[in-house]
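Structure file structure_35.txt (compact mmCIF, C-alpha atoms (C1' of nucleotides)) is printed below.
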# COMPACT_ATOMS: atom_id res chain seq x y z
CA MET T 1 149.19 114.36 109.34
CA THR T 2 146.22 113.15 111.32
CA LYS T 3 145.86 109.82 112.98
CA LEU T 4 143.59 108.67 110.21
CA GLN T 5 146.17 109.51 107.59
CA ILE T 6 148.98 107.91 109.55
CA HIS T 7 146.81 104.88 109.87
CA ARG T 8 146.35 104.79 106.15
CA ARG T 9 150.05 105.23 105.53
CA GLU T 10 150.94 102.39 107.81
CA ALA T 11 148.40 100.16 106.20
CA SER T 12 149.73 101.18 102.83
CA ASP T 13 153.26 99.97 103.47
CA ALA T 14 151.72 96.57 103.87
CA SER T 15 149.22 96.96 101.07
CA ASP T 16 151.11 99.02 98.48
CA ARG T 17 152.29 95.86 96.88
CA ASP T 18 148.78 94.49 97.18
CA ALA T 19 147.35 97.56 95.52
CA LYS T 20 149.98 97.48 92.81
CA ALA T 21 149.52 93.78 92.18
CA GLN T 22 145.76 94.30 92.07
CA ALA T 23 146.15 97.14 89.59
CA GLU T 24 148.33 94.95 87.40
CA GLY T 25 145.71 92.23 87.60
CA PHE T 26 143.01 94.58 86.37
CA ALA T 27 145.34 95.86 83.67
CA THR T 28 145.86 92.28 82.56
CA VAL T 29 142.11 91.78 82.33
CA ARG T 30 141.71 94.96 80.29
CA GLN T 31 144.43 93.86 77.93
CA ALA T 32 142.78 90.45 77.60
CA HIS T 33 139.59 92.21 76.58
CA GLU T 34 141.41 94.05 73.85
CA SER T 35 142.67 90.83 72.31
CA GLU T 36 139.44 88.93 72.78
CA MET T 37 137.94 90.17 69.58
CA ALA T 38 140.98 89.05 67.62
CA GLU T 39 141.06 85.69 69.34
CA ASP T 40 137.38 85.00 68.83
CA TYR T 41 137.59 85.90 65.17
CA VAL T 42 140.68 83.89 64.25
CA GLU T 43 139.45 80.92 66.23
CA LEU T 44 136.11 81.03 64.45
CA ILE T 45 137.69 81.61 61.04
CA ALA T 46 139.90 78.56 61.50
CA GLU T 47 136.87 76.54 62.56
CA LEU T 48 134.81 77.64 59.57
CA ILE T 49 137.61 76.94 57.11
CA GLU T 50 137.89 73.49 58.60
CA ILE T 51 134.21 72.59 58.57
CA GLN T 52 133.10 74.27 55.36
CA GLY T 53 136.23 75.10 53.43
CA GLU T 54 135.96 78.86 53.71
CA ALA T 55 135.14 81.63 56.14
CA ARG T 56 132.57 84.12 54.92
CA PRO T 57 131.58 87.28 56.77
CA VAL T 58 127.95 86.21 56.79
CA ASP T 59 128.80 82.99 58.63
CA ILE T 60 131.08 84.76 61.06
CA ALA T 61 128.33 87.26 61.78
CA GLU T 62 125.81 84.50 62.39
CA ARG T 63 128.08 82.56 64.72
CA LEU T 64 129.17 85.60 66.69
CA GLY T 65 125.66 86.97 66.85
CA VAL T 66 126.60 90.32 65.31
CA LYS T 67 125.63 92.10 62.11
CA PRO T 68 127.68 91.90 58.91
CA PRO T 69 128.97 95.50 59.02
CA THR T 70 130.51 94.76 62.40
CA VAL T 71 132.35 91.83 60.88
CA THR T 72 133.61 93.94 57.99
CA LYS T 73 134.96 96.52 60.40
CA ASN T 74 136.63 93.99 62.65
CA ILE T 75 138.11 92.05 59.76
CA SER T 76 139.85 95.21 58.58
CA ARG T 77 141.25 95.61 62.06
CA LEU T 78 142.55 92.06 61.96
CA LYS T 79 144.02 92.74 58.55
CA GLU T 80 145.84 95.78 59.91
CA ALA T 81 147.05 93.62 62.77
CA GLY T 82 148.46 91.16 60.25
CA LEU T 83 146.27 88.25 61.33
CA VAL T 84 144.18 87.84 58.21
CA SER T 85 144.67 88.55 54.55
CA ARG T 86 141.87 89.23 52.20
CA GLU T 87 140.61 91.25 49.27
CA ARG T 88 137.33 93.08 49.14
CA TYR T 89 134.34 90.83 48.59
CA ARG T 90 136.48 87.71 48.77
CA ALA T 91 136.82 84.97 51.35
CA ILE T 92 138.95 85.43 54.40
CA PHE T 93 142.31 83.74 55.00
CA LEU T 94 144.48 83.55 58.04
CA THR T 95 148.09 84.68 57.75
CA PRO T 96 150.69 82.37 59.28
CA GLU T 97 150.57 84.57 62.35
CA GLY T 98 146.79 84.31 62.42
CA GLN T 99 147.00 80.55 62.10
CA LYS T 100 149.40 80.39 64.98
CA LEU T 101 147.09 82.45 67.16
CA ALA T 102 144.07 80.42 66.09
CA GLU T 103 145.78 77.21 66.97
CA ALA T 104 146.77 78.48 70.40
CA CYS T 105 143.20 79.65 71.00
CA ARG T 106 141.70 76.38 69.92
CA ARG T 107 144.05 74.49 72.19
CA ARG T 108 143.05 76.66 75.14
CA HIS T 109 139.41 76.33 74.25
CA ARG T 110 139.63 72.54 74.02
CA ILE T 111 141.44 72.28 77.32
CA VAL T 112 139.02 74.54 79.16
CA VAL T 113 135.99 72.70 77.79
CA ALA T 114 137.47 69.28 78.58
CA PHE T 115 138.34 70.51 82.05
CA LEU T 116 134.82 71.75 82.76
CA LEU T 117 133.35 68.52 81.42
CA SER T 118 135.66 66.54 83.67
CA LEU T 119 134.10 68.39 86.61
CA GLY T 120 130.76 67.00 85.57
CA ILE T 121 129.40 70.16 83.99
CA ASP T 122 126.96 69.70 81.14
CA GLU T 123 128.16 70.31 77.60
CA GLU T 124 126.17 73.43 76.88
CA THR T 125 127.26 75.18 80.06
CA ALA T 126 130.84 74.03 79.55
CA GLU T 127 130.93 75.49 76.05
CA ARG T 128 129.32 78.70 77.14
CA ASP T 129 131.51 79.27 80.19
CA ALA T 130 134.64 78.28 78.28
CA GLU T 131 133.93 81.01 75.76
CA GLY T 132 134.27 83.62 78.47
CA ILE T 133 136.89 81.93 80.61
CA GLU T 134 139.42 80.94 77.97
CA HIS T 135 140.67 84.46 77.43
CA HIS T 136 141.58 84.87 81.08
CA VAL T 137 143.42 81.67 81.85
CA SER T 138 147.18 81.92 82.27
CA GLU T 139 149.47 79.22 80.92
CA THR T 140 150.07 78.10 84.52
CA THR T 141 146.39 77.55 85.14
CA LEU T 142 145.89 75.99 81.74
CA GLU T 143 148.52 73.38 82.54
CA ALA T 144 146.82 72.62 85.83
CA PHE T 145 143.55 72.16 83.94
CA GLU T 146 145.28 69.87 81.48
CA ALA T 147 146.66 67.75 84.30
CA VAL T 148 143.20 67.31 85.78
CA VAL T 149 141.80 66.26 82.40
CA THR T 150 144.61 63.77 81.89
CA ARG T 151 144.10 62.29 85.33
CA ALA T 152 140.37 61.98 84.71
CA HIS T 153 141.05 60.15 81.46
CA GLU T 154 143.50 57.78 83.07
CA LYS T 155 140.97 56.80 85.68
CA HIS T 156 138.57 56.48 82.73
CA MET P 28 121.81 75.75 43.89
CA THR P 29 125.27 74.32 43.44
CA LYS P 30 126.58 71.25 45.11
CA LEU P 31 128.62 73.38 47.45
CA GLN P 32 125.57 75.29 48.55
CA ILE P 33 123.50 72.16 48.95
CA HIS P 34 126.29 70.81 51.01
CA ARG P 35 126.14 73.91 53.19
CA ARG P 36 122.39 73.68 53.54
CA GLU P 37 122.52 70.10 54.61
CA ALA P 38 125.22 70.84 57.07
CA SER P 39 123.24 73.78 58.33
CA ASP P 40 120.26 71.75 59.42
CA ALA P 41 122.62 70.00 61.75
CA SER P 42 124.55 73.12 62.67
CA ASP P 43 121.88 75.83 62.77
CA ARG P 44 121.32 75.07 66.40
CA ASP P 45 125.07 75.00 66.86
CA ALA P 46 125.46 78.39 65.25
CA LYS P 47 122.60 79.81 67.25
CA ALA P 48 123.90 78.41 70.50
CA GLN P 49 127.33 79.73 69.69
CA ALA P 50 125.92 83.18 68.95
CA GLU P 51 124.09 83.13 72.26
CA GLY P 52 127.31 82.17 73.98
CA PHE P 53 129.11 85.14 72.50
CA ALA P 54 126.20 87.39 73.40
CA THR P 55 126.46 86.15 76.97
CA VAL P 56 130.15 87.04 77.03
CA ARG P 57 129.43 90.52 75.64
CA GLN P 58 126.78 91.05 78.30
CA ALA P 59 129.18 89.89 80.99
CA HIS P 60 131.63 92.51 79.78
CA GLU P 61 129.04 95.20 80.18
CA SER P 62 128.51 94.36 83.83
CA GLU P 63 132.15 93.78 84.63
CA MET P 64 132.85 97.41 85.35
CA ALA P 65 129.99 97.56 87.82
CA GLU P 66 131.04 94.32 89.47
CA ASP P 67 134.67 95.28 89.78
CA TYR P 68 133.77 98.63 91.30
CA VAL P 69 131.25 97.47 93.87
CA GLU P 70 133.46 94.57 94.87
CA LEU P 71 136.39 96.90 95.36
CA ILE P 72 134.32 99.52 97.15
CA ALA P 73 133.07 96.92 99.63
CA GLU P 74 136.63 95.73 100.15
CA LEU P 75 137.94 99.25 100.75
CA ILE P 76 135.14 100.08 103.18
CA GLU P 77 135.97 96.94 105.05
CA ILE P 78 139.73 97.40 105.25
CA GLN P 79 139.94 101.16 105.68
CA GLY P 80 136.51 102.37 106.63
CA GLU P 81 135.82 104.26 103.44
CA ALA P 82 136.14 104.08 99.70
CA ARG P 83 137.79 107.08 98.08
CA PRO P 84 138.13 107.62 94.34
CA VAL P 85 141.90 107.94 94.66
CA ASP P 86 142.15 104.49 96.24
CA ILE P 87 139.81 102.95 93.73
CA ALA P 88 141.87 104.44 90.92
CA GLU P 89 145.09 103.09 92.38
CA ARG P 90 143.71 99.59 92.86
CA LEU P 91 142.10 99.40 89.45
CA GLY P 92 145.12 100.94 87.77
CA VAL P 93 143.14 103.74 86.13
CA LYS P 94 143.20 107.54 86.50
CA PRO P 95 140.89 109.45 88.85
CA PRO P 96 138.72 111.01 86.13
CA THR P 97 137.86 107.54 84.92
CA VAL P 98 136.70 106.66 88.42
CA THR P 99 134.58 109.80 88.69
CA LYS P 100 132.90 108.98 85.42
CA ASN P 101 132.23 105.36 86.29
CA ILE P 102 130.98 106.19 89.76
CA SER P 103 128.32 108.42 88.24
CA ARG P 104 127.32 105.54 86.02
CA LEU P 105 127.00 103.31 89.06
CA LYS P 106 124.98 106.01 90.77
CA GLU P 107 122.61 106.16 87.82
CA ALA P 108 122.37 102.38 87.97
CA GLY P 109 121.36 102.64 91.63
CA LEU P 110 124.37 100.75 92.96
CA VAL P 111 126.09 103.53 94.86
CA SER P 112 125.00 106.71 96.56
CA ARG P 113 127.22 109.65 97.01
CA GLU P 114 127.55 113.42 97.01
CA ARG P 115 130.19 115.40 95.17
CA TYR P 116 133.59 115.33 96.83
CA ARG P 117 132.37 112.94 99.52
CA ALA P 118 133.07 109.28 100.18
CA ILE P 119 131.28 106.55 98.30
CA PHE P 120 128.58 104.31 99.75
CA LEU P 121 126.92 101.23 98.40
CA THR P 122 123.14 101.15 98.20
CA PRO P 123 121.44 97.99 99.47
CA GLU P 124 121.37 96.80 95.87
CA GLY P 125 125.05 97.57 95.51
CA GLN P 126 125.83 95.69 98.69
CA LYS P 127 123.93 92.70 97.45
CA LEU P 128 125.86 92.71 94.19
CA ALA P 129 129.15 93.22 96.00
CA GLU P 130 128.46 90.29 98.26
CA ALA P 131 127.61 88.02 95.34
CA CYS P 132 130.79 89.12 93.56
CA ARG P 133 132.98 88.55 96.57
CA ARG P 134 131.51 85.11 97.05
CA ARG P 135 132.25 84.22 93.46
CA HIS P 136 135.72 85.68 93.75
CA ARG P 137 136.48 83.73 96.91
CA ILE P 138 135.25 80.49 95.41
CA VAL P 139 137.20 80.91 92.19
CA VAL P 140 140.40 81.77 94.06
CA ALA P 141 139.97 78.89 96.50
CA PHE P 142 139.29 76.59 93.59
CA LEU P 143 142.43 77.60 91.71
CA LEU P 144 144.49 77.29 94.87
CA SER P 145 143.10 73.80 95.42
CA LEU P 146 144.50 72.88 92.00
CA GLY P 147 147.92 73.82 93.28
CA ILE P 148 148.19 77.17 91.50
CA ASP P 149 150.26 79.84 93.24
CA GLU P 150 148.48 82.67 95.01
CA GLU P 151 149.47 85.47 92.69
CA THR P 152 148.39 83.62 89.57
CA ALA P 153 145.20 82.46 91.27
CA GLU P 154 144.27 86.01 92.19
CA ARG P 155 145.10 87.32 88.78
CA ASP P 156 143.27 84.65 86.82
CA ALA P 157 140.29 84.80 89.16
CA GLU P 158 139.91 88.49 88.39
CA GLY P 159 139.26 87.70 84.77
CA ILE P 160 137.50 84.37 85.19
CA GLU P 161 134.97 85.27 87.87
CA HIS P 162 132.79 87.29 85.56
CA HIS P 163 132.31 84.39 83.20
CA VAL P 164 131.49 81.54 85.54
CA SER P 165 127.89 80.36 85.58
CA GLU P 166 126.22 79.35 88.82
CA THR P 167 126.42 75.72 87.68
CA THR P 168 130.17 75.88 87.25
CA LEU P 169 130.59 77.85 90.44
CA GLU P 170 128.87 75.11 92.39
CA ALA P 171 131.13 72.52 90.81
CA PHE P 172 134.12 74.62 91.85
CA GLU P 173 132.74 74.87 95.36
CA ALA P 174 132.34 71.12 95.55
CA VAL P 175 135.98 70.59 94.56
CA VAL P 176 137.13 73.07 97.21
CA THR P 177 135.02 71.38 99.87
CA ARG P 178 136.34 67.96 98.95
CA ALA P 179 139.91 69.24 99.05
CA HIS P 180 139.29 70.67 102.52
CA GLU P 181 137.77 67.43 103.78
CA LYS P 182 140.79 65.46 102.67
CA HIS P 183 142.73 68.35 104.31
C1' DT Q 9 142.94 130.65 110.48
C1' DA Q 10 145.23 130.78 106.11
C1' DT Q 11 147.01 128.39 102.58
C1' DA Q 12 149.64 124.60 100.25
C1' DT Q 13 148.84 120.08 98.95
C1' DA Q 14 145.93 116.33 98.16
C1' DT Q 15 141.80 114.96 96.25
C1' DG Q 16 137.99 115.29 93.08
C1' DT Q 17 135.62 117.01 88.91
C1' DT Q 18 134.84 118.83 84.22
C1' DA Q 19 135.74 119.32 79.45
C1' DG Q 20 137.24 117.48 75.57
C1' DC Q 21 139.44 113.89 73.08
C1' DA Q 22 140.40 108.86 71.45
C1' DT Q 23 139.51 103.98 70.46
C1' DA Q 24 136.77 99.76 70.43
C1' DG Q 25 132.98 97.66 68.89
C1' DG Q 26 128.12 97.59 68.39
C1' DC Q 27 124.02 99.28 65.16
C1' DT Q 28 120.94 100.83 60.77
C1' DA Q 29 120.30 102.56 56.18
C1' DA Q 30 121.88 102.86 51.77
C1' DC Q 31 124.86 101.38 48.27
C1' DT Q 32 127.91 97.95 45.52
C1' DT Q 33 129.41 93.59 44.06
C1' DT Q 34 128.88 88.75 43.37
C1' DT Q 35 126.36 84.83 42.30
C1' DG Q 36 123.13 81.66 40.65
C1' DA Q 37 118.50 80.55 38.43
C1' DG Q 38 115.89 80.94 34.56
C1' DC V 30 123.17 86.09 29.40
C1' DT V 31 120.49 88.67 32.26
C1' DC V 32 118.93 90.22 36.38
C1' DA V 33 117.17 89.42 41.15
C1' DA V 34 118.66 87.91 45.49
C1' DA V 35 122.41 87.19 48.55
C1' DA V 36 126.53 88.90 50.37
C1' DG V 37 129.60 92.57 51.41
C1' DT V 38 130.79 97.42 52.19
C1' DT V 39 130.44 102.33 53.48
C1' DA V 40 128.79 106.15 56.03
C1' DG V 41 127.30 107.78 59.98
C1' DC V 42 125.62 107.15 64.47
C1' DC V 43 125.83 105.40 69.51
C1' DT V 44 127.73 103.84 74.11
C1' DA V 45 131.47 102.35 77.07
C1' DT V 46 135.65 103.30 78.98
C1' DG V 47 140.09 104.97 78.80
C1' DC V 48 143.15 109.45 78.77
C1' DT V 49 145.14 114.57 79.71
C1' DA V 50 144.78 119.35 80.98
C1' DA V 51 142.63 122.59 83.56
C1' DC V 52 139.82 123.80 87.26
C1' DA V 53 137.37 123.21 92.00
C1' DT V 54 137.10 121.71 96.61
C1' DA V 55 138.67 119.80 100.99
C1' DT V 56 142.10 119.11 104.44
C1' DA V 57 145.93 119.38 107.39
C1' DT V 58 149.64 121.93 109.14
C1' DA V 59 152.29 126.07 109.93
Final structure tokens representation of the file:
Amino acid sequence: MTKLQIHRREASDASDRDAKAQAEGFATVRQAHESEMAEDYVELIAELIEIQGEARPVDIAERLGVKPPTVTKNISRLKEAGLVSRERYRAIFLTPEGQKLAEACRRRHRIVVAFLLSLGIDEETAERDAEGIEHHVSETTLEAFEAVVTRAHEKH
Amino acid sequence: MTKLQIHRREASDASDRDAKAQAEGFATVRQAHESEMAEDYVELIAELIEIQGEARPVDIAERLGVKPPTVTKNISRLKEAGLVSRERYRAIFLTPEGQKLAEACRRRHRIVVAFLLSLGIDEETAERDAEGIEHHVSETTLEAFEAVVTRAHEKH
DNA sequence: TATATATGTTAGCATAGGCTAACTTTTGAG
DNA sequence: CTCAAAAGTTAGCCTATGCTAACATATATA
């Protein structure tokens, strides 16, 4: 073993945990990406049902900025995952599980947006950044955000 | 045109912009995802060069929590994108462009972590959340974060 | 210096999530 | 009630990013 290698080994005792923790962090991000599609869809479906009484693929496609066939494909995935129920050519419904997920997502979204606004960020940027950020915020961080928002409101 | 449809149309005048803006937001997130791989790699490569003098695929794989062939494949993509230079079986270097990107990423990472810490979040969570969040923070929001960190330091 | 071990690459596969073109079903206007 | 337009689906393609198994190269020590 050369000096260089020994050097690396010694460093690694100190940084093995670092490396492992880092790897877990990246794994967490990759997992988040895998559930992002589901989260975006159920959140949007809930929103559409609320504002216009039903969620149609064409509206989902428009809001997500994708083409209808993409929506069809992803809706079947969500159906397989037990988050939505629906029959061909008919409107889309959320299962109880889907509703639960949607509600959790909407809560996170609201908190993140309110938090960004409380920092003085403009609405459009807040909405846009929240869309990306919300999927990567742990419950711990979310609670910290919530606390800031509450404090800002108290000071009103 | 039925009442329901008229209703939708009327609503849509008010929400067309909404829908469009929302679609753009999702498009922004999708684009961010496409550059995440590049950002994570160059950031990590710069870090490895700094702490151990060189960036080897095996170390990158360990830190990212992926297998070596995945690193090989992604490094060639980065090479095609002009972010790294390297010869087969040799260590990895960043091109000037890659260095610039790495520096920007590390700045963002530092700011996001410092910001989360200033909210009282524990280090591990801060690091982990930052990893996911940093790719979705606009310059506007980043500056707001920076301001909070600075203020927290002043109050020290 | 020879060779075992560590590192790196290639080939081939899988899944996610986009797209277009072509087809089917639903819907609503006349 | 019919039939055209709107909505939805299917088929087939593409790219990104993972993986394993098998092979190639580099390196460090005996």
Report task. Rounded to one decimal place, report the CA of Ile160 in chain P-CA of Lys100 in chain P distance in Å. Result -> 25.0 Å
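Between CA of Ala130 in chain T and CA of Ala174 in chain P the interatomic distance comes to 18.8 Å.
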**Report entry** Nearby residues (all atoms listed in the file) at most 12 Å from DC32 in chain V, same-chain spacing under 5 positions excluded, as an MDAnalysis selection string
**Finding:** chainID Q and resid 35:38
Mind writing the picked residues with C-alpha atoms (C1' of nucleotides) as a PDB file, in the frame of the given file?
ATOM      1  C1'  DT Q  35     126.360  84.830  42.300  1.00  0.00           C
ATOM      2  C1'  DG Q  36     123.130  81.660  40.650  1.00  0.00           C
ATOM      3  C1'  DA Q  37     118.500  80.550  38.430  1.00  0.00           C
ATOM      4  C1'  DG Q  38     115.890  80.940  34.560  1.00  0.00           C
TER       5       DG Q  38
END
Query raised in the report: Pick the closest to chain P from T:Ala81, T:Val42, T:Val148, T:Ala55: which is it, counting all atoms listed in the file?
Result: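 Nearest candidate to chain P out of T:Ala81, T:Val42, T:Val148, T:Ala55: T:Val148.
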Requested in this report: May I have the residues of chain T within 7 Å of chain P, counting all atoms listed in the file, written as number ranges by chain?
Outcome: T: 19-20, 22-27, 29, 62-65, 119, 121, 128-129, 131-133, 136-138, 141, 144
Requested in this report: Identify every residue of chain V that has at least one atom within 9 Å of any atom of chain P, counting only C-alpha atoms (C1' of nucleotides), and report the result as a list of chain:residue names.
Outcome: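 Taking only C-alpha atoms (C1' of nucleotides) into account, V:DA45, V:DT46, V:DG47, V:DC48, V:DT54, V:DA55 sit within 9 Å of chain P.
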Would you mind exporting the chosen residues as a PDB file, in the coordinates of the input, restricted to C-alpha atoms (C1' of nucleotides)?
ATOM      1  C1'  DA V  45     131.470 102.350  77.070  1.00  0.00           C
ATOM      2  C1'  DT V  46     135.650 103.300  78.980  1.00  0.00           C
ATOM      3  C1'  DG V  47     140.090 104.970  78.800  1.00  0.00           C
ATOM      4  C1'  DC V  48     143.150 109.450  78.770  1.00  0.00           C
ATOM      5  C1'  DT V  54     137.100 121.710  96.610  1.00  0.00           C
ATOM      6  C1'  DA V  55     138.670 119.800 100.990  1.00  0.00           C
TER       7       DA V  55
END
Non-local contacts of Val176 in chain P (7 Å; only C-alpha atoms (C1' of nucleotides); under 4 positions in same chain excluded) as an mmCIF file with C-alpha atoms, keeping the file's coordinate frame:
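Output below, filename part.cif:
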data_model
loop_
_atom_site.group_PDB
_atom_site.id
_atom_site.type_symbol
_atom_site.label_atom_id
_atom_site.label_comp_id
_atom_site.auth_asym_id
_atom_site.auth_seq_id
_atom_site.Cartn_x
_atom_site.Cartn_y
_atom_site.Cartn_z
ATOM 1 C CA ALA P 141 139.970 78.890 96.500
ATOM 2 C CA PHE P 142 139.290 76.590 93.590
ATOM 3 C CA SER P 145 143.100 73.800 95.420
ATOM 4 C CA PHE P 172 134.120 74.620 91.850
ATOM 5 C CA HIS P 180 139.290 70.670 102.520
#
Dump as an mmCIF file with C-alpha atoms, in the frame of the given file the residues of chain P that approach chain Q to within 8 Å, counting all atoms listed in the file.
data_model
loop_
_atom_site.group_PDB
_atom_site.id
_atom_site.type_symbol
_atom_site.label_atom_id
_atom_site.label_comp_id
_atom_site.auth_asym_id
_atom_site.auth_seq_id
_atom_site.Cartn_x
_atom_site.Cartn_y
_atom_site.Cartn_z
ATOM 1 C CA MET P 28 121.810 75.750 43.890
ATOM 2 C CA PRO P 84 138.130 107.620 94.340
ATOM 3 C CA VAL P 85 141.900 107.940 94.660
ATOM 4 C CA PRO P 95 140.890 109.450 88.850
ATOM 5 C CA PRO P 96 138.720 111.010 86.130
ATOM 6 C CA THR P 99 134.580 109.800 88.690
ATOM 7 C CA TYR P 116 133.590 115.330 96.830
#
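The space separating CA of Ser62 in chain P from C1' of DT44 in chain V comes to 13.6 Å.
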Axis-aligned box for all listed atoms of range 13-22 of chain Q, 5 Å per side, centre and edges in Å to one decimal, as AutoDock Vina command-line options:
--center_x 141.8 --center_y 114.5 --center_z 85.2 --size_x 24.0 --size_y 21.2 --size_z 37.5
Report task. Write out as a list in words each polymer residue whose atoms come within 10 Å of Ala131 in chain P, counting all atoms listed in the file; drop sequence neighbours fewer than 6 positions from it. Result -> Glu66, Glu70, Gly125 and Arg137 of chain P
